[in-house]
file input.cif (mmCIF, C-alpha atoms)
data_upload
#
loop_
_atom_site.group_PDB
_atom_site.id
_atom_site.type_symbol
_atom_site.label_atom_id
_atom_site.label_comp_id
_atom_site.auth_asym_id
_atom_site.auth_seq_id
_atom_site.Cartn_x
_atom_site.Cartn_y
_atom_site.Cartn_z
ATOM 1 C CA MET A 212 14.838 -21.073 -13.491
ATOM 2 C CA ARG A 213 16.444 -17.648 -13.236
ATOM 3 C CA ALA A 214 15.143 -14.270 -12.104
ATOM 4 C CA ARG A 215 15.041 -12.884 -15.644
ATOM 5 C CA GLU A 216 12.567 -15.612 -16.689
ATOM 6 C CA LEU A 217 10.513 -15.120 -13.542
ATOM 7 C CA ALA A 218 10.272 -11.319 -13.792
ATOM 8 C CA SER A 219 6.919 -9.811 -14.739
ATOM 9 C CA GLU A 220 6.038 -6.269 -15.647
ATOM 10 C CA PHE A 221 5.319 -4.303 -12.475
ATOM 11 C CA PRO A 222 4.067 -0.713 -12.279
ATOM 12 C CA THR A 223 6.648 1.869 -11.302
ATOM 13 C CA VAL A 224 6.418 5.468 -10.226
ATOM 14 C CA SER A 225 9.045 8.170 -9.824
ATOM 15 C CA LEU A 226 9.521 10.516 -6.878
ATOM 16 C CA ASP A 227 7.734 13.165 -8.948
ATOM 17 C CA THR A 228 4.689 11.058 -9.838
ATOM 18 C CA ASP A 229 1.454 12.700 -8.730
ATOM 19 C CA ALA A 230 0.192 11.129 -5.496
ATOM 20 C CA LEU A 231 -3.355 10.731 -6.805
ATOM 21 C CA GLU A 232 -1.967 8.985 -9.875
ATOM 22 C CA ALA A 233 -0.039 6.572 -7.627
ATOM 23 C CA ALA A 234 -3.216 5.904 -5.609
ATOM 24 C CA ARG A 235 -5.142 5.147 -8.813
ATOM 25 C CA LEU A 236 -2.390 2.790 -9.954
ATOM 26 C CA LEU A 237 -2.621 0.842 -6.675
ATOM 27 C CA ALA A 238 -6.403 0.606 -7.056
ATOM 28 C CA HIS A 239 -6.530 -0.303 -10.736
ATOM 29 C CA ARG A 240 -3.676 -2.791 -10.688
ATOM 30 C CA HIS A 241 -4.835 -4.358 -7.403
ATOM 31 C CA LEU A 242 -1.490 -3.885 -5.709
ATOM 32 C CA PRO A 243 -0.467 -3.292 -2.093
ATOM 33 C CA GLY A 244 2.566 -1.234 -3.160
ATOM 34 C CA LEU A 245 4.497 0.257 -6.072
ATOM 35 C CA ILE A 246 8.156 0.266 -7.059
ATOM 36 C CA VAL A 247 9.748 3.726 -7.020
ATOM 37 C CA VAL A 248 12.460 4.232 -9.649
ATOM 38 C CA ASP A 249 15.001 7.015 -10.167
ATOM 39 C CA ALA A 250 15.404 9.116 -13.315
ATOM 40 C CA ARG A 251 17.490 6.345 -14.886
ATOM 41 C CA GLY A 252 14.823 3.732 -14.164
ATOM 42 C CA ARG A 253 16.681 1.982 -11.354
ATOM 43 C CA PRO A 254 14.605 0.913 -8.335
ATOM 44 C CA ILE A 255 15.084 3.075 -5.241
ATOM 45 C CA THR A 256 12.477 1.838 -2.792
ATOM 46 C CA ILE A 257 8.922 0.595 -2.464
ATOM 47 C CA LEU A 258 5.910 2.818 -1.821
ATOM 48 C CA PRO A 259 3.622 0.869 0.514
ATOM 49 C CA GLY A 260 -0.016 1.606 -0.308
ATOM 50 C CA THR A 261 -0.676 2.214 3.368
ATOM 51 C CA GLN A 262 1.416 5.401 3.067
ATOM 52 C CA VAL A 263 -1.300 6.831 0.833
ATOM 53 C CA MET A 264 -3.753 6.290 3.684
ATOM 54 C CA ARG A 265 -1.340 7.762 6.222
ATOM 55 C CA PHE A 266 -1.054 10.889 4.123
ATOM 56 C CA ALA A 267 -4.725 11.302 3.187
ATOM 57 C CA VAL A 268 -6.429 10.417 6.472
ATOM 58 C CA PRO A 269 -6.169 13.233 9.040
ATOM 59 C CA ARG A 270 -3.869 12.486 11.969
ATOM 60 C CA TYR A 271 -6.651 12.810 14.584
ATOM 61 C CA VAL A 272 -8.686 10.144 12.777
ATOM 62 C CA GLN A 273 -5.668 7.815 12.627
ATOM 63 C CA ASP A 274 -5.163 8.306 16.353
ATOM 64 C CA ASP A 275 -8.817 7.512 17.048
ATOM 65 C CA PRO A 276 -10.493 5.826 14.051
ATOM 66 C CA ALA A 277 -13.885 5.972 15.823
ATOM 67 C CA LEU A 278 -13.823 9.717 15.139
ATOM 68 C CA ALA A 279 -14.315 8.848 11.477
ATOM 69 C CA ARG A 280 -17.976 8.260 12.353
ATOM 70 C CA VAL A 281 -18.577 11.925 13.046
ATOM 71 C CA ILE A 282 -17.262 12.954 9.616
ATOM 72 C CA ASP A 283 -19.971 12.789 7.000
ATOM 73 C CA GLU A 284 -19.439 10.891 3.757
ATOM 74 C CA ARG A 285 -19.022 14.014 1.636
ATOM 75 C CA ALA A 286 -16.238 15.182 3.926
ATOM 76 C CA ALA A 287 -14.658 11.739 3.648
ATOM 77 C CA ASP A 288 -14.685 12.034 -0.141
ATOM 78 C CA SER A 289 -12.957 15.354 -0.017
ATOM 79 C CA LEU A 290 -10.079 13.854 1.949
ATOM 80 C CA TRP A 291 -8.531 12.749 -1.291
ATOM 81 C CA GLN A 292 -8.059 16.385 -2.100
ATOM 82 C CA ALA A 293 -5.237 16.142 0.427
ATOM 83 C CA LEU A 294 -3.388 14.208 -2.260
ATOM 84 C CA ALA A 295 -3.878 16.816 -4.981
ATOM 85 C CA GLY A 296 -0.657 18.610 -5.809
ATOM 86 C CA THR A 297 1.495 16.212 -3.802
ATOM 87 C CA THR A 298 3.916 13.641 -5.176
ATOM 88 C CA VAL A 299 5.242 10.206 -4.337
ATOM 89 C CA ARG A 300 8.190 11.978 -2.664
ATOM 90 C CA ASP A 301 5.749 13.453 -0.121
ATOM 91 C CA LEU A 302 4.095 10.091 0.523
ATOM 92 C CA LEU A 303 7.268 8.146 1.268
ATOM 93 C CA PRO A 304 7.952 7.447 4.924
ATOM 94 C CA GLY A 305 11.026 9.105 6.414
ATOM 95 C CA LYS A 306 12.760 5.775 6.647
ATOM 96 C CA ASP A 307 12.520 4.046 3.277
ATOM 97 C CA ARG A 308 11.260 0.516 3.190
ATOM 98 C CA GLU A 309 13.971 -1.673 1.746
ATOM 99 C CA LEU A 310 13.052 -3.095 -1.645
ATOM 100 C CA PRO A 311 14.967 -6.312 -2.186
ATOM 101 C CA VAL A 312 16.734 -6.347 -5.533
ATOM 102 C CA VAL A 313 17.912 -9.479 -7.340
ATOM 103 C CA ASN A 314 19.991 -9.953 -10.462
ATOM 104 C CA GLY A 315 18.659 -11.499 -13.643
ATOM 105 C CA ASP A 316 20.913 -14.483 -13.100
ATOM 106 C CA ASP A 317 19.744 -15.287 -9.546
ATOM 107 C CA THR A 318 18.089 -18.658 -9.035
ATOM 108 C CA ALA A 319 14.569 -19.293 -7.727
ATOM 109 C CA LEU A 320 15.985 -20.571 -4.430
ATOM 110 C CA GLU A 321 18.139 -17.465 -4.056
ATOM 111 C CA ILE A 322 15.081 -15.255 -4.636
ATOM 112 C CA ALA A 323 13.072 -17.272 -2.090
ATOM 113 C CA ALA A 324 15.881 -16.806 0.440
ATOM 114 C CA ILE A 325 15.987 -13.060 -0.205
ATOM 115 C CA MET A 326 12.194 -12.751 0.222
ATOM 116 C CA ALA A 327 12.377 -14.770 3.435
ATOM 117 C CA ARG A 328 15.163 -12.652 4.859
ATOM 118 C CA ALA A 329 13.615 -9.310 3.910
ATOM 119 C CA ARG A 330 10.084 -10.522 4.817
ATOM 120 C CA CYS A 331 9.011 -8.804 1.628
ATOM 121 C CA PRO A 332 6.601 -10.469 -0.838
ATOM 122 C CA VAL A 333 8.058 -8.709 -3.890
ATOM 123 C CA VAL A 334 11.577 -8.303 -5.298
ATOM 124 C CA ALA A 335 12.789 -6.130 -8.151
ATOM 125 C CA VAL A 336 14.848 -7.759 -10.895
ATOM 126 C CA VAL A 337 17.693 -5.624 -12.241
ATOM 127 C CA GLU A 338 20.053 -6.499 -15.068
ATOM 128 C CA HIS A 339 22.668 -4.212 -16.645
ATOM 129 C CA ASP A 340 21.425 -1.386 -14.431
ATOM 130 C CA ARG A 341 17.915 -1.694 -15.858
ATOM 131 C CA LEU A 342 14.703 -2.835 -14.123
ATOM 132 C CA LEU A 343 13.465 -5.990 -15.863
ATOM 133 C CA GLY A 344 10.348 -6.254 -13.693
ATOM 134 C CA ALA A 345 9.418 -7.797 -10.378
ATOM 135 C CA ILE A 346 8.769 -11.213 -8.904
ATOM 136 C CA THR A 347 5.957 -11.610 -6.388
ATOM 137 C CA LEU A 348 5.863 -14.265 -3.701
ATOM 138 C CA ASP A 349 2.721 -15.882 -5.134
ATOM 139 C CA ALA A 350 4.276 -16.097 -8.619
ATOM 140 C CA LEU A 351 7.471 -17.625 -7.246
ATOM 141 C CA LEU A 352 5.542 -20.160 -5.164
ATOM 142 C CA GLY A 353 3.440 -20.990 -8.216
ATOM 143 C CA ARG A 354 6.563 -21.775 -10.221
ATOM 144 C CA MET A 355 8.428 -23.623 -7.472
ATOM 145 C CA LEU A 356 5.714 -25.748 -5.882
ATOM 146 C CA PRO A 357 5.147 -29.288 -7.099
ATOM 147 C CA ALA A 358 1.926 -29.577 -9.136
ATOM 148 C CA MET B 147 -20.289 2.872 2.492
ATOM 149 C CA ARG B 148 -19.833 0.414 5.343
ATOM 150 C CA ALA B 149 -17.401 -2.437 5.900
ATOM 151 C CA ARG B 150 -20.048 -5.087 5.301
ATOM 152 C CA GLU B 151 -20.632 -3.793 1.755
ATOM 153 C CA LEU B 152 -16.900 -3.502 1.112
ATOM 154 C CA ALA B 153 -16.012 -6.999 2.358
ATOM 155 C CA SER B 154 -15.000 -9.596 -0.225
ATOM 156 C CA GLU B 155 -14.478 -13.300 0.168
ATOM 157 C CA PHE B 156 -10.904 -13.941 1.283
ATOM 158 C CA PRO B 157 -9.243 -17.344 1.685
ATOM 159 C CA THR B 158 -8.798 -18.525 5.249
ATOM 160 C CA VAL B 159 -6.814 -21.323 6.826
ATOM 161 C CA SER B 160 -6.869 -22.823 10.299
ATOM 162 C CA LEU B 161 -3.898 -23.570 12.531
ATOM 163 C CA ASP B 162 -4.221 -27.191 11.433
ATOM 164 C CA THR B 163 -4.251 -26.522 7.686
ATOM 165 C CA ASP B 164 -1.493 -28.381 5.872
ATOM 166 C CA ALA B 165 1.434 -26.039 5.120
ATOM 167 C CA LEU B 166 1.695 -27.153 1.500
ATOM 168 C CA GLU B 167 -2.016 -26.502 1.078
ATOM 169 C CA ALA B 168 -1.536 -22.976 2.449
ATOM 170 C CA ALA B 169 1.378 -22.426 0.046
ATOM 171 C CA ARG B 170 -0.777 -23.546 -2.888
ATOM 172 C CA LEU B 171 -3.561 -21.204 -1.800
ATOM 173 C CA LEU B 172 -1.139 -18.264 -1.783
ATOM 174 C CA ALA B 173 0.075 -19.204 -5.260
ATOM 175 C CA HIS B 174 -3.300 -19.905 -6.850
ATOM 176 C CA ARG B 175 -5.128 -16.943 -5.370
ATOM 177 C CA HIS B 176 -2.205 -14.556 -6.002
ATOM 178 C CA LEU B 177 -2.036 -13.411 -2.407
ATOM 179 C CA PRO B 178 0.832 -12.211 -0.203
ATOM 180 C CA GLY B 179 -0.848 -13.647 2.934
ATOM 181 C CA LEU B 180 -3.790 -15.598 4.318
ATOM 182 C CA ILE B 181 -6.203 -15.026 7.199
ATOM 183 C CA VAL B 182 -5.929 -17.618 9.965
ATOM 184 C CA VAL B 183 -9.211 -18.390 11.727
ATOM 185 C CA ASP B 184 -10.008 -20.362 14.882
ATOM 186 C CA ALA B 185 -12.336 -23.358 15.122
ATOM 187 C CA ARG B 186 -15.319 -20.988 15.325
ATOM 188 C CA GLY B 187 -14.236 -19.141 12.208
ATOM 189 C CA ARG B 188 -13.070 -15.985 13.967
ATOM 190 C CA PRO B 189 -9.868 -14.380 12.642
ATOM 191 C CA ILE B 190 -6.818 -14.915 14.856
ATOM 192 C CA THR B 191 -3.928 -13.539 12.834
ATOM 193 C CA ILE B 192 -2.449 -13.260 9.373
ATOM 194 C CA LEU B 193 -0.025 -15.755 7.858
ATOM 195 C CA PRO B 194 2.444 -13.732 5.783
ATOM 196 C CA GLY B 195 3.461 -15.684 2.692
ATOM 197 C CA THR B 196 7.092 -14.918 3.479
ATOM 198 C CA GLN B 197 6.785 -17.273 6.475
ATOM 199 C CA VAL B 198 6.393 -20.145 4.017
ATOM 200 C CA MET B 199 9.754 -19.171 2.539
ATOM 201 C CA ARG B 200 11.319 -18.798 5.982
ATOM 202 C CA PHE B 201 10.222 -22.306 6.849
ATOM 203 C CA ALA B 202 11.091 -24.020 3.565
ATOM 204 C CA VAL B 203 14.412 -22.385 2.723
ATOM 205 C CA PRO B 204 17.285 -23.735 4.841
ATOM 206 C CA ARG B 205 18.651 -21.295 7.412
ATOM 207 C CA TYR B 206 22.155 -21.276 5.929
ATOM 208 C CA VAL B 207 20.753 -20.202 2.554
ATOM 209 C CA GLN B 208 18.714 -17.426 4.184
ATOM 210 C CA ASP B 209 21.851 -16.225 5.945
ATOM 211 C CA ASP B 210 23.793 -16.218 2.673
ATOM 212 C CA PRO B 211 21.466 -16.395 -0.353
ATOM 213 C CA ALA B 212 24.470 -16.701 -2.708
ATOM 214 C CA LEU B 213 24.873 -20.255 -1.340
ATOM 215 C CA ALA B 214 21.674 -21.095 -3.229
ATOM 216 C CA ARG B 215 23.837 -21.179 -6.375
ATOM 217 C CA VAL B 216 25.658 -24.271 -5.218
ATOM 218 C CA ILE B 217 22.422 -26.202 -4.703
ATOM 219 C CA ASP B 218 21.233 -27.797 -7.915
ATOM 220 C CA GLU B 219 17.697 -27.298 -9.178
ATOM 221 C CA ARG B 220 16.527 -30.773 -8.223
ATOM 222 C CA ALA B 221 17.625 -30.156 -4.649
ATOM 223 C CA ALA B 222 15.785 -26.831 -4.740
ATOM 224 C CA ASP B 223 12.607 -28.625 -5.783
ATOM 225 C CA SER B 224 12.866 -31.024 -2.901
ATOM 226 C CA LEU B 225 12.936 -28.151 -0.432
ATOM 227 C CA TRP B 226 9.194 -28.070 -0.516
ATOM 228 C CA GLN B 227 9.266 -31.464 1.114
ATOM 229 C CA ALA B 228 10.207 -29.492 4.226
ATOM 230 C CA LEU B 229 6.578 -28.396 4.246
ATOM 231 C CA ALA B 230 5.111 -31.904 4.040
ATOM 232 C CA GLY B 231 3.501 -32.963 7.294
ATOM 233 C CA THR B 232 3.695 -29.464 8.788
ATOM 234 C CA THR B 233 0.803 -27.132 9.445
ATOM 235 C CA VAL B 234 0.054 -23.416 9.465
ATOM 236 C CA ARG B 235 0.728 -23.503 13.233
ATOM 237 C CA ASP B 236 4.348 -24.439 12.481
ATOM 238 C CA LEU B 237 4.711 -21.667 9.893
ATOM 239 C CA LEU B 238 3.489 -18.824 12.087
ATOM 240 C CA PRO B 239 6.170 -16.557 13.504
ATOM 241 C CA GLY B 240 6.588 -16.606 17.279
ATOM 242 C CA LYS B 241 5.183 -13.125 17.505
ATOM 243 C CA ASP B 242 1.908 -13.048 15.594
ATOM 244 C CA ARG B 243 1.432 -10.315 13.070
ATOM 245 C CA GLU B 244 -1.541 -8.243 14.094
ATOM 246 C CA LEU B 245 -4.482 -8.605 11.713
ATOM 247 C CA PRO B 246 -6.627 -5.491 11.924
ATOM 248 C CA VAL B 247 -10.293 -6.333 12.434
ATOM 249 C CA VAL B 248 -13.176 -4.001 11.654
ATOM 250 C CA ASN B 249 -16.895 -4.276 12.323
ATOM 251 C CA GLY B 250 -19.496 -4.555 9.582
ATOM 252 C CA ASP B 251 -20.779 -1.125 10.513
ATOM 253 C CA ASP B 252 -17.416 0.691 10.256
ATOM 254 C CA THR B 253 -17.162 3.414 7.624
ATOM 255 C CA ALA B 254 -14.709 3.559 4.728
ATOM 256 C CA LEU B 255 -12.801 6.387 6.417
ATOM 257 C CA GLU B 256 -12.566 4.385 9.646
ATOM 258 C CA ILE B 257 -11.171 1.409 7.703
ATOM 259 C CA ALA B 258 -8.652 3.652 5.917
ATOM 260 C CA ALA B 259 -7.528 5.012 9.302
ATOM 261 C CA ILE B 260 -7.139 1.487 10.695
ATOM 262 C CA MET B 261 -5.076 0.370 7.680
ATOM 263 C CA ALA B 262 -2.909 3.494 7.992
ATOM 264 C CA ARG B 263 -2.304 2.952 11.687
ATOM 265 C CA ALA B 264 -1.582 -0.778 11.399
ATOM 266 C CA ARG B 265 0.385 -0.292 8.125
ATOM 267 C CA CYS B 266 -1.467 -3.372 6.932
ATOM 268 C CA PRO B 267 -2.999 -3.534 3.440
ATOM 269 C CA VAL B 268 -5.801 -5.913 4.482
ATOM 270 C CA VAL B 269 -8.410 -5.887 7.254
ATOM 271 C CA ALA B 270 -10.811 -8.628 8.317
ATOM 272 C CA VAL B 271 -14.504 -7.745 8.620
ATOM 273 C CA VAL B 272 -16.292 -9.399 11.531
ATOM 274 C CA GLU B 273 -19.988 -9.140 12.357
ATOM 275 C CA HIS B 274 -21.848 -11.058 15.048
ATOM 276 C CA ASP B 275 -18.669 -13.020 15.783
ATOM 277 C CA ARG B 276 -18.464 -14.232 12.205
ATOM 278 C CA LEU B 277 -15.913 -13.393 9.487
ATOM 279 C CA LEU B 278 -17.736 -11.655 6.635
ATOM 280 C CA GLY B 279 -14.604 -11.376 4.491
ATOM 281 C CA ALA B 280 -11.761 -8.943 4.060
ATOM 282 C CA ILE B 281 -11.104 -5.531 2.574
ATOM 283 C CA THR B 282 -7.845 -4.927 0.745
ATOM 284 C CA LEU B 283 -6.184 -1.549 0.402
ATOM 285 C CA ASP B 284 -6.519 -1.550 -3.374
ATOM 286 C CA ALA B 285 -10.248 -2.333 -3.178
ATOM 287 C CA LEU B 286 -10.828 0.397 -0.604
ATOM 288 C CA LEU B 287 -8.881 2.944 -2.673
ATOM 289 C CA GLY B 288 -10.854 1.888 -5.736
ATOM 290 C CA ARG B 289 -14.148 2.624 -3.956
ATOM 291 C CA MET B 290 -13.039 5.833 -2.252
ATOM 292 C CA LEU B 291 -11.076 7.614 -4.974
ATOM 293 C CA PRO B 292 -12.827 10.070 -7.247
ATOM 294 C CA ALA B 293 -13.288 8.675 -10.757
#
call {"tool": "encode", "arguments": {"input": "input.cif", "output": "structure tokens"}}
result
Amino acid sequence: MRARELASEFPTVSLDTDALEAARLLAHRHLPGLIVVDARGRPITILPGTQVMRFAVPRYVQDDPALARVIDERAADSLWQALAGTTVRDLLPGKDRELPVVNGDDTALEIAAIMARARCPVVAVVEHDRLLGAITLDALLGRMLPA
Amino acid sequence: MRARELASEFPTVSLDTDALEAARLLAHRHLPGLIVVDARGRPITILPGTQVMRFAVPRYVQDDPALARVIDERAADSLWQALAGTTVRDLLPGKDRELPVVNGDDTALEIAAIMARARCPVVAVVEHDRLLGAITLDALLGRMLPA
């Protein structure tokens, strides 16, 4: 069982993708993060969904979440306007989160070892400089575990 | 919109849950982690799925994943036997990963702030000392984002 057979389609964004679009992708695809690719489609990093929250929720509320209580619901809705006009580039943390990358030929055990080492539940699969897709921890466990 | 309305059922395990059972739960429910609860059902911590890999994959393969190539597929299958007879307690890292906990009465903005601060895409919802369920980042975004 090799990475290329284990890879599934996984949503990607570019540094120029609209931030609100990235947030919608996380919501609609039920994902905790997205793969960020460069202009040639090669994976650069991962955008953790929590970065969307860090960008949209005002700093003073993050410092003291109880303050959220004093903001009425309409004001809370409008917070998402903070995302309008910004891009994935703006959302990324200063220090990029490492996205583990495996080759199409890597074995299931190799992928498991890479996930374990990186403590990351998703790896990108690249072959001939092209993103084939991604392998999630749950999918890998599902294929490796005895029935 | 309060946490109690946003909470969904989320699989839990106890410290005594069989490790293989926990691995199957991750695979079947397509989750990157599980909530660990105490005997009274209160959340203690989160079990990251990557800990299953860290436990099952031999240390020398984690240190050099390319070594996985020299292990044949049958041997790779038998790795899961490393999990037999072990429990979630054995899988947990020495330093527990903090599981953010919110109260049933917390607002969506408060939950978003807590996720942002903890950089954790899931929070447990507790009310009257009882776990109501969990809220994932994608679900919260889905409810908060404008259509």
call {"tool": "closest_residue", "arguments": {"input": "input.cif", "among": "A:Leu303, A:Gly296, A:Pro243, A:Arg251", "to": "Leu226 (chain A)", "atoms": "all atoms listed in the file"}}
result
A:Leu303
call {"tool": "axis_aligned_box", "arguments": {"input": "input.cif", "around": "region 202-218 of chain B", "padding_each_side": "8 Å", "output": "lines of an AutoDock Vina configuration file"}}
result
center_x = 18.4
center_y = -22.0
center_z = -0.3
size_x = 30.6
size_y = 27.6
size_z = 31.3
call {"tool": "interface_residues", "arguments": {"input": "input.cif", "of": "chain B", "to": "chain A", "cutoff": "7 Å", "atoms": "all atoms listed in the file", "output": "short mmCIF file (atom, residue, chain, number, x, y, z; two decimals) with C-alpha atoms, keeping the file's coordinate frame"}}
result
data_model
loop_
_atom_site.label_atom_id
_atom_site.label_comp_id
_atom_site.auth_asym_id
_atom_site.auth_seq_id
_atom_site.Cartn_x
_atom_site.Cartn_y
_atom_site.Cartn_z
CA LEU B 172 -1.14 -18.26 -1.78
CA ALA B 173 0.08 -19.20 -5.26
CA HIS B 174 -3.30 -19.90 -6.85
CA HIS B 176 -2.20 -14.56 -6.00
CA LEU B 177 -2.04 -13.41 -2.41
CA PRO B 178 0.83 -12.21 -0.20
CA GLY B 195 3.46 -15.68 2.69
CA THR B 196 7.09 -14.92 3.48
CA GLN B 197 6.78 -17.27 6.48
CA MET B 199 9.75 -19.17 2.54
CA ARG B 200 11.32 -18.80 5.98
CA VAL B 203 14.41 -22.38 2.72
CA VAL B 207 20.75 -20.20 2.55
CA GLN B 208 18.71 -17.43 4.18
CA PRO B 211 21.47 -16.40 -0.35
CA ALA B 212 24.47 -16.70 -2.71
CA ALA B 214 21.67 -21.10 -3.23
CA ARG B 215 23.84 -21.18 -6.38
CA ALA B 222 15.78 -26.83 -4.74
CA ASP B 223 12.61 -28.62 -5.78
CA TRP B 226 9.19 -28.07 -0.52
CA THR B 253 -17.16 3.41 7.62
CA LEU B 255 -12.80 6.39 6.42
CA GLU B 256 -12.57 4.38 9.65
CA ALA B 258 -8.65 3.65 5.92
CA ALA B 259 -7.53 5.01 9.30
CA ILE B 260 -7.14 1.49 10.70
CA MET B 261 -5.08 0.37 7.68
CA ALA B 262 -2.91 3.49 7.99
CA ARG B 263 -2.30 2.95 11.69
CA ARG B 265 0.38 -0.29 8.12
CA CYS B 266 -1.47 -3.37 6.93
CA PRO B 267 -3.00 -3.53 3.44
CA LEU B 283 -6.18 -1.55 0.40
CA ASP B 284 -6.52 -1.55 -3.37
CA ALA B 285 -10.25 -2.33 -3.18
CA LEU B 287 -8.88 2.94 -2.67
CA GLY B 288 -10.85 1.89 -5.74
CA MET B 290 -13.04 5.83 -2.25
CA LEU B 291 -11.08 7.61 -4.97
#
call {"tool": "atom_distance", "arguments": {"input": "input.cif", "atom1": "CA of Leu245 (chain B)", "atom2": "CA of Thr223 (chain A)"}}
result
27.6 Å
call {"tool": "atom_distance", "arguments": {"input": "input.cif", "atom1": "CA of Ile181 (chain B)", "atom2": "CA of Leu258 (chain A)"}}
result
23.4 Å
call {"tool": "atom_distance", "arguments": {"input": "input.cif", "atom1": "CA of Phe156 (chain B)", "atom2": "CA of Gly279 (chain B)"}}
result
5.5 Å
call {"tool": "resolve_selection", "arguments": {"input": "input.cif", "expression": "the PyMOL selection byres ((chain A and resi 345) around 9)", "output": "list in words"}}
result
Ala214, Leu217, Ala218, Ser219, Glu220, Phe221, Ile246, Val312, Val333, Val334, Ala335, Val336, Val337, Leu342, Leu343, Gly344, Ile346 and Thr347 of chain A
call {"tool": "residues_around", "arguments": {"input": "input.cif", "residues": "Thr191 (chain B)", "least_positions_apart": "2", "cutoff": "9 Å", "atoms": "only C-alpha atoms", "output": "list of chain:residue names"}}
result
B:Leu180, B:Ile181, B:Val182, B:Val183, B:Pro189, B:Leu193, B:Asp242, B:Arg243, B:Glu244, B:Leu245, B:Pro246
call {"tool": "residues_around", "arguments": {"input": "input.cif", "residues": "Asp227 (chain A)", "least_positions_apart": "3", "cutoff": "10 Å", "atoms": "only C-alpha atoms", "output": "PyMOL selection string"}}
result
chain A and resi 224+230+247+249-250+297-301
call {"tool": "closest_residue", "arguments": {"input": "input.cif", "among": "B:Leu237, B:His274, B:Asp164, B:Gly250", "to": "Gly187 (chain B)", "atoms": "all atoms listed in the file"}}
result
B:His274
call {"tool": "build_atoms", "arguments": {"input": "input.cif", "residues": "region 259-271 of chain A", "atoms": "N, CA and C atoms", "output": "short mmCIF file (atom, residue, chain, number, x, y, z; two decimals), keeping the file's coordinate frame"}}
result
data_model
loop_
_atom_site.label_atom_id
_atom_site.label_comp_id
_atom_site.auth_asym_id
_atom_site.auth_seq_id
_atom_site.Cartn_x
_atom_site.Cartn_y
_atom_site.Cartn_z
N PRO A 259 4.72 1.69 0.01
CA PRO A 259 3.62 0.87 0.51
C PRO A 259 2.31 1.64 0.35
N GLY A 260 1.27 0.95 -0.10
CA GLY A 260 -0.02 1.61 -0.31
C GLY A 260 -0.54 2.24 0.97
N THR A 261 -0.18 1.66 2.11
CA THR A 261 -0.68 2.21 3.37
C THR A 261 -0.18 3.64 3.60
N GLN A 262 0.93 4.02 2.92
CA GLN A 262 1.42 5.40 3.07
C GLN A 262 0.45 6.41 2.46
N VAL A 263 -0.28 5.95 1.43
CA VAL A 263 -1.30 6.83 0.83
C VAL A 263 -2.36 7.14 1.88
N MET A 264 -2.76 6.10 2.62
CA MET A 264 -3.75 6.29 3.68
C MET A 264 -3.19 7.19 4.79
N ARG A 265 -1.94 6.96 5.14
CA ARG A 265 -1.34 7.76 6.22
C ARG A 265 -1.28 9.24 5.86
N PHE A 266 -1.15 9.50 4.56
CA PHE A 266 -1.05 10.89 4.12
C PHE A 266 -2.44 11.52 4.00
N ALA A 267 -3.41 10.73 3.51
CA ALA A 267 -4.72 11.30 3.19
C ALA A 267 -5.65 11.38 4.41
N VAL A 268 -5.52 10.44 5.32
CA VAL A 268 -6.43 10.42 6.47
C VAL A 268 -5.86 11.34 7.56
N PRO A 269 -6.68 12.29 8.04
CA PRO A 269 -6.17 13.23 9.04
C PRO A 269 -5.61 12.50 10.26
N ARG A 270 -4.55 13.07 10.82
CA ARG A 270 -3.87 12.49 11.97
C ARG A 270 -4.83 12.15 13.11
N TYR A 271 -5.77 13.05 13.43
CA TYR A 271 -6.65 12.81 14.58
C TYR A 271 -7.57 11.61 14.35
#
